[in-house]
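Below is the file start12.pdb, which contains PDB, C-alpha atoms.
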```
ATOM      1  CA  MET P  22     -75.384 -23.334   4.115
ATOM      2  CA  TRP P  23     -74.087 -20.098   2.629
ATOM      3  CA  ASN P  24     -76.907 -18.232   4.363
ATOM      4  CA  GLN P  25     -75.956 -19.810   7.732
ATOM      5  CA  THR P  26     -72.254 -18.796   7.334
ATOM      6  CA  PHE P  27     -73.258 -15.264   6.386
ATOM      7  CA  LYS P  28     -75.448 -14.991   9.522
ATOM      8  CA  GLU P  29     -72.561 -16.192  11.706
ATOM      9  CA  MET P  30     -70.216 -13.600  10.169
ATOM     10  CA  ILE P  31     -72.684 -10.819  10.876
ATOM     11  CA  LYS P  32     -73.120 -12.051  14.449
ATOM     12  CA  MET P  33     -69.307 -12.109  14.953
ATOM     13  CA  ARG P  34     -68.981  -8.574  13.593
ATOM     14  CA  LYS P  35     -71.677  -7.360  15.978
ATOM     15  CA  VAL P  36     -69.823  -8.955  18.896
ATOM     16  CA  SER P  37     -66.515  -7.480  17.702
ATOM     17  CA  LEU P  38     -68.021  -4.011  17.374
ATOM     18  CA  ALA P  39     -69.669  -4.357  20.766
ATOM     19  CA  ILE P  40     -66.205  -4.932  22.252
ATOM     20  CA  LEU P  41     -64.195  -2.535  20.107
ATOM     21  CA  ILE P  42     -66.410   0.554  20.371
ATOM     22  CA  PRO P  43     -66.341   0.791  24.212
ATOM     23  CA  LEU P  44     -62.625   0.007  24.156
ATOM     24  CA  LEU P  45     -61.992   2.792  21.643
ATOM     25  CA  ILE P  46     -64.113   5.235  23.642
ATOM     26  CA  GLY P  47     -62.166   4.324  26.788
ATOM     27  CA  ILE P  48     -58.812   4.883  25.093
ATOM     28  CA  LEU P  49     -59.911   8.247  23.687
ATOM     29  CA  THR P  50     -61.274   9.326  27.067
ATOM     30  CA  VAL P  51     -57.980   8.516  28.805
ATOM     31  CA  ALA P  52     -55.981  10.253  26.072
ATOM     32  CA  PHE P  53     -58.178  13.351  26.223
ATOM     33  CA  ASN P  54     -58.061  13.559  30.021
ATOM     34  CA  THR P  55     -54.291  13.053  30.028
ATOM     35  CA  GLN P  56     -53.874  15.901  27.542
ATOM     36  CA  LEU P  57     -55.953  18.167  29.772
ATOM     37  CA  ALA P  58     -53.688  17.384  32.720
ATOM     38  CA  PHE P  59     -50.589  18.380  30.725
ATOM     39  CA  THR P  60     -52.029  21.725  29.647
ATOM     40  CA  GLN P  61     -53.229  22.781  33.086
ATOM     41  CA  SER P  62     -51.553  26.056  34.031
ATOM     42  CA  THR P  63     -50.500  27.056  37.531
ATOM     43  CA  THR P  64     -48.690  30.169  38.721
ATOM     44  CA  ILE P  65     -46.019  30.237  41.412
ATOM     45  CA  THR P  66     -45.204  33.692  42.766
ATOM     46  CA  VAL P  67     -41.763  34.648  44.090
ATOM     47  CA  PRO P  68     -41.300  35.638  46.923
ATOM     48  CA  ASP P  69     -44.867  34.840  48.077
ATOM     49  CA  ASP P  70     -44.693  31.069  47.481
ATOM     50  CA  PHE P  71     -40.905  30.574  47.449
ATOM     51  CA  SER P  72     -38.169  32.953  48.581
ATOM     52  CA  THR P  73     -35.910  32.353  45.565
ATOM     53  CA  ILE P  74     -36.486  31.950  41.857
ATOM     54  CA  GLN P  75     -34.501  28.685  41.817
ATOM     55  CA  GLU P  76     -36.715  27.177  44.534
ATOM     56  CA  ALA P  77     -39.768  28.056  42.427
ATOM     57  CA  VAL P  78     -38.215  26.488  39.310
ATOM     58  CA  ASN P  79     -37.369  23.348  41.278
ATOM     59  CA  ALA P  80     -40.977  23.064  42.533
ATOM     60  CA  ALA P  81     -42.630  23.814  39.173
ATOM     61  CA  ASN P  82     -44.145  21.262  36.841
ATOM     62  CA  PRO P  83     -44.425  21.590  33.050
ATOM     63  CA  GLY P  84     -46.948  24.261  32.128
ATOM     64  CA  TYR P  85     -46.302  26.401  35.204
ATOM     65  CA  THR P  86     -45.698  30.134  35.160
ATOM     66  CA  ILE P  87     -43.244  31.530  37.669
ATOM     67  CA  TYR P  88     -44.136  35.155  38.343
ATOM     68  CA  VAL P  89     -41.406  37.146  40.068
ATOM     69  CA  ARG P  90     -42.352  40.289  41.950
ATOM     70  CA  ALA P  91     -40.195  43.430  41.851
ATOM     71  CA  GLY P  92     -36.976  43.222  43.846
ATOM     72  CA  THR P  93     -33.354  42.200  43.489
ATOM     73  CA  TYR P  94     -32.655  38.486  43.588
ATOM     74  CA  TYR P  95     -28.976  37.595  44.127
ATOM     75  CA  GLU P  96     -28.828  34.151  42.565
ATOM     76  CA  ARG P  97     -28.101  32.088  39.494
ATOM     77  CA  VAL P  98     -31.080  30.291  37.995
ATOM     78  CA  THR P  99     -30.919  26.998  36.095
ATOM     79  CA  ILE P 100     -34.008  25.989  34.150
ATOM     80  CA  ASP P 101     -33.935  22.287  33.374
ATOM     81  CA  LYS P 102     -37.683  21.667  32.959
ATOM     82  CA  SER P 103     -39.638  22.119  29.749
ATOM     83  CA  ASN P 104     -42.707  24.253  29.234
ATOM     84  CA  LEU P 105     -42.046  26.907  31.900
ATOM     85  CA  ALA P 106     -42.561  30.658  31.802
ATOM     86  CA  LEU P 107     -40.341  32.863  33.973
ATOM     87  CA  ILE P 108     -41.992  36.292  34.057
ATOM     88  CA  GLY P 109     -40.737  39.345  35.945
ATOM     89  CA  GLU P 110     -43.083  42.054  37.203
ATOM     90  CA  SER P 111     -41.089  44.756  35.385
ATOM     91  CA  LYS P 112     -37.718  44.749  33.644
ATOM     92  CA  HIS P 113     -36.948  48.009  35.460
ATOM     93  CA  THR P 114     -37.610  46.717  38.974
ATOM     94  CA  THR P 115     -37.221  42.913  38.825
ATOM     95  CA  ILE P 116     -33.498  42.176  38.874
ATOM     96  CA  ILE P 117     -31.611  38.895  38.835
ATOM     97  CA  ASP P 118     -28.040  39.646  39.916
ATOM     98  CA  GLY P 119     -25.560  36.839  39.264
ATOM     99  CA  GLY P 120     -22.979  38.354  41.576
ATOM    100  CA  GLY P 121     -20.189  38.134  38.989
ATOM    101  CA  GLY P 122     -17.975  35.097  38.756
ATOM    102  CA  ASN P 123     -17.725  32.342  36.183
ATOM    103  CA  TYR P 124     -21.381  31.374  35.938
ATOM    104  CA  SER P 125     -24.298  32.447  33.786
ATOM    105  CA  THR P 126     -27.090  34.216  35.644
ATOM    106  CA  VAL P 127     -29.897  32.355  33.857
ATOM    107  CA  LYS P 128     -29.068  29.001  32.269
ATOM    108  CA  VAL P 129     -31.562  27.032  30.167
ATOM    109  CA  ILE P 130     -30.353  23.463  29.634
ATOM    110  CA  ASN P 131     -31.771  20.761  27.367
ATOM    111  CA  VAL P 132     -35.440  21.786  27.552
ATOM    112  CA  ASP P 133     -38.151  23.048  25.220
ATOM    113  CA  PHE P 134     -40.778  25.786  25.329
ATOM    114  CA  VAL P 135     -39.296  28.117  27.942
ATOM    115  CA  GLU P 136     -40.111  31.816  28.157
ATOM    116  CA  ILE P 137     -38.042  34.441  29.988
ATOM    117  CA  SER P 138     -39.332  38.008  30.066
ATOM    118  CA  GLY P 139     -39.556  41.131  32.185
ATOM    119  CA  PHE P 140     -36.179  41.105  33.960
ATOM    120  CA  THR P 141     -32.946  43.000  34.341
ATOM    121  CA  ILE P 142     -30.257  40.322  34.321
ATOM    122  CA  GLN P 143     -26.869  41.572  35.470
ATOM    123  CA  ASN P 144     -23.373  40.816  36.739
ATOM    124  CA  SER P 145     -22.570  37.409  35.306
ATOM    125  CA  TYR P 146     -20.342  35.434  32.980
ATOM    126  CA  ASP P 147     -23.147  35.303  30.365
ATOM    127  CA  GLY P 148     -26.493  36.905  31.134
ATOM    128  CA  ILE P 149     -28.568  34.098  29.614
ATOM    129  CA  HIS P 150     -27.016  30.848  28.401
ATOM    130  CA  ILE P 151     -29.234  28.548  26.331
ATOM    131  CA  SER P 152     -27.862  25.088  25.555
ATOM    132  CA  SER P 153     -29.385  22.141  23.668
ATOM    133  CA  SER P 154     -32.881  23.602  23.883
ATOM    134  CA  TYR P 155     -35.690  24.389  21.463
ATOM    135  CA  PHE P 156     -38.398  27.033  21.232
ATOM    136  CA  VAL P 157     -37.013  29.315  23.945
ATOM    137  CA  THR P 158     -38.445  32.850  23.951
ATOM    138  CA  VAL P 159     -36.446  35.685  25.511
ATOM    139  CA  SER P 160     -38.256  39.009  25.349
ATOM    140  CA  GLY P 161     -38.484  42.361  27.075
ATOM    141  CA  ASN P 162     -35.356  42.022  29.209
ATOM    142  CA  THR P 163     -32.408  44.252  30.007
ATOM    143  CA  ILE P 164     -29.156  42.295  30.161
ATOM    144  CA  THR P 165     -26.164  44.206  31.463
ATOM    145  CA  ASN P 166     -22.609  43.842  32.774
ATOM    146  CA  SER P 167     -21.857  40.336  31.521
ATOM    147  CA  THR P 168     -18.224  39.261  31.499
ATOM    148  CA  PHE P 169     -18.647  37.719  28.064
ATOM    149  CA  TYR P 170     -22.033  37.748  26.280
ATOM    150  CA  GLY P 171     -25.483  39.023  27.059
ATOM    151  CA  ILE P 172     -27.018  35.925  25.477
ATOM    152  CA  ARG P 173     -25.114  32.770  24.505
ATOM    153  CA  LEU P 174     -26.768  30.058  22.404
ATOM    154  CA  GLN P 175     -25.190  26.636  21.986
ATOM    155  CA  SER P 176     -26.868  23.948  19.871
ATOM    156  CA  SER P 177     -30.245  25.606  20.260
ATOM    157  CA  SER P 178     -32.929  25.942  17.587
ATOM    158  CA  PHE P 179     -36.217  27.702  16.857
ATOM    159  CA  ASP P 180     -35.676  30.369  19.537
ATOM    160  CA  THR P 181     -37.215  33.842  19.558
ATOM    161  CA  PHE P 182     -35.571  37.021  20.829
ATOM    162  CA  SER P 183     -37.343  40.364  20.857
ATOM    163  CA  GLY P 184     -37.290  43.643  22.740
ATOM    164  CA  ASN P 185     -34.144  42.881  24.746
ATOM    165  CA  ASN P 186     -31.584  45.565  25.562
ATOM    166  CA  ILE P 187     -28.037  44.205  26.002
ATOM    167  CA  THR P 188     -25.317  46.560  27.298
ATOM    168  CA  GLY P 189     -21.947  46.315  28.996
ATOM    169  CA  SER P 190     -21.066  42.817  27.758
ATOM    170  CA  SER P 191     -17.328  42.767  27.138
ATOM    171  CA  GLU P 192     -17.309  40.238  24.249
ATOM    172  CA  GLY P 193     -20.627  41.026  22.566
ATOM    173  CA  GLY P 194     -24.384  41.040  22.754
ATOM    174  CA  ILE P 195     -25.325  37.615  21.382
ATOM    175  CA  LEU P 196     -23.121  34.600  20.591
ATOM    176  CA  LEU P 197     -24.468  31.843  18.358
ATOM    177  CA  SER P 198     -22.493  28.623  18.389
TER     178      SER P 198
END
```
Can the structure in the file be given as structure tokens, please?
Amino acid sequence: MWNQTFKEMIKMRKVSLAILIPLLIGILTVAFNTQLAFTQSTTITVPDDFSTIQEAVNAANPGYTIYVRAGTYYERVTIDKSNLALIGESKHTTIIDGGGGNYSTVKVINVDFVEISGFTIQNSYDGIHISSSYFVTVSGNTITNSTFYGIRLQSSSFDTFSGNNITGSSEGGILLS
């Protein structure tokens, strides 16, 4: 009797493994393929693909790079999508001009893993305003003629700033709050 029960237990385990192993492989395959989809990188070029930087940001998906060719772009840009890179061709020739007024030229709101580099950002309330975001990298930019601050951070953490030149901001270069 004990031998018969033991044989039935082994048979049940074989059946269980025969079901569980393919199921586990299927789950891992879906998880792996999903991860690959999230890390796929695509580049949008302004003005080739979109005439404005904001249109490119609006069209981008997480993981995209928005490459901006040399020129002056008279606009204010709001980045509200995570995992984007906004890269200018050259900080000397790729200019985002906010046109003055009471708005920040580049605003990063409630997102993670954003990179901004290679621009001259000018004529705004704050050059770059980062709010409620994490892991934002701002590097290799010239920020000039801001009414208040070159860079303003509010409730933001784990950010990196390097190689930026901030001039002509009436209140100061960087505000941390």
Output of the PyMOL selection byres ((chain P and resi 91-104) around 6), listed as a list in words: Gln75, Pro83, Gly84, Arg90, Leu105, Glu110, Thr114, Thr115, Ile116, Ile117, Asp118, Gly119, Thr126, Val127, Lys128, Val129, Ile130, Val132, Asp133, Phe134 and Val135 of chain P
Reference answer for the PyMOL selection byres ((chain P and resi 193) around 8), as a list of chain:residue names: P:Phe169, P:Tyr170, P:Gly171, P:Ser190, P:Ser191, P:Glu192, P:Gly194, P:Ile195, P:Leu196
Applied to this file, what does the PyMOL selection byres ((chain P and resi 164) around 8) return in terms of residues, put as a short mmCIF file (atom, residue, chain, number, x, y, z; two decimals) with C-alpha atoms, in the coordinates of the input?
```cif
data_model
loop_
_atom_site.label_atom_id
_atom_site.label_comp_id
_atom_site.auth_asym_id
_atom_site.auth_seq_id
_atom_site.Cartn_x
_atom_site.Cartn_y
_atom_site.Cartn_z
CA THR P 141 -32.95 43.00 34.34
CA ILE P 142 -30.26 40.32 34.32
CA GLN P 143 -26.87 41.57 35.47
CA GLY P 148 -26.49 36.90 31.13
CA ASN P 162 -35.36 42.02 29.21
CA THR P 163 -32.41 44.25 30.01
CA THR P 165 -26.16 44.21 31.46
CA ASN P 166 -22.61 43.84 32.77
CA SER P 167 -21.86 40.34 31.52
CA GLY P 171 -25.48 39.02 27.06
CA ASN P 185 -34.14 42.88 24.75
CA ASN P 186 -31.58 45.56 25.56
CA ILE P 187 -28.04 44.20 26.00
CA THR P 188 -25.32 46.56 27.30
#
```
Between atom CA of P:Leu174 and atom CA of P:Ser145, distance in Å (one decimal):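 Distance reported for this atom pair: 15.4 Å.
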Nearest to P:Ile108, chosen from P:Ser153, P:Ser160, P:Asn131, P:Asn79, with all atoms listed in the file counted in the distances: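 Among P:Ser153, P:Ser160, P:Asn131, P:Asn79, it is P:Ser160 that comes nearest to P:Ile108.
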Mind working out the centre and edge lengths of an axis-aligned box for stretch 76-91 of chain P, all listed atoms inside, 8 Å added to each side, rounded to one decimal in Å and written as lines of an AutoDock Vina configuration file?
```
center_x = -41.8
center_y = 32.3
center_z = 38.3
size_x = 26.2
size_y = 38.2
size_z = 28.4
```
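Take atom CA of P:Thr181 and atom CA of P:Tyr146: the distance between them is 21.6 Å.
Atom CA of P:Tyr88 is found 4.8 Å from atom CA of P:Thr66.
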Residue with smallest distance to P:Gly120 - pool P:Glu76, P:Ser138, P:Thr168, P:Ile87, counting only C-alpha atoms: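 Counting only C-alpha atoms, the residue closest to P:Gly120 is P:Thr168.
The shortest atom-to-atom distance to P:Tyr124, with all atoms listed in the file taken into account, belongs to P:Asp147 out of P:Asp147, P:Gly109, P:Val159, P:Ile137.
Of the listed residues P:Tyr155, P:Ile172, P:Thr64, P:Gly139, the one whose atoms come nearest to P:Val78 is P:Thr64, with distances taken using only C-alpha atoms.
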Residue among P:Thr158, P:Ser125, P:Ser72, P:Asn82 lying closest to P:Ser183, counting all atoms listed in the file: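 Once distances to P:Ser183 are computed over all atoms listed in the file, the minimum belongs to P:Thr158.
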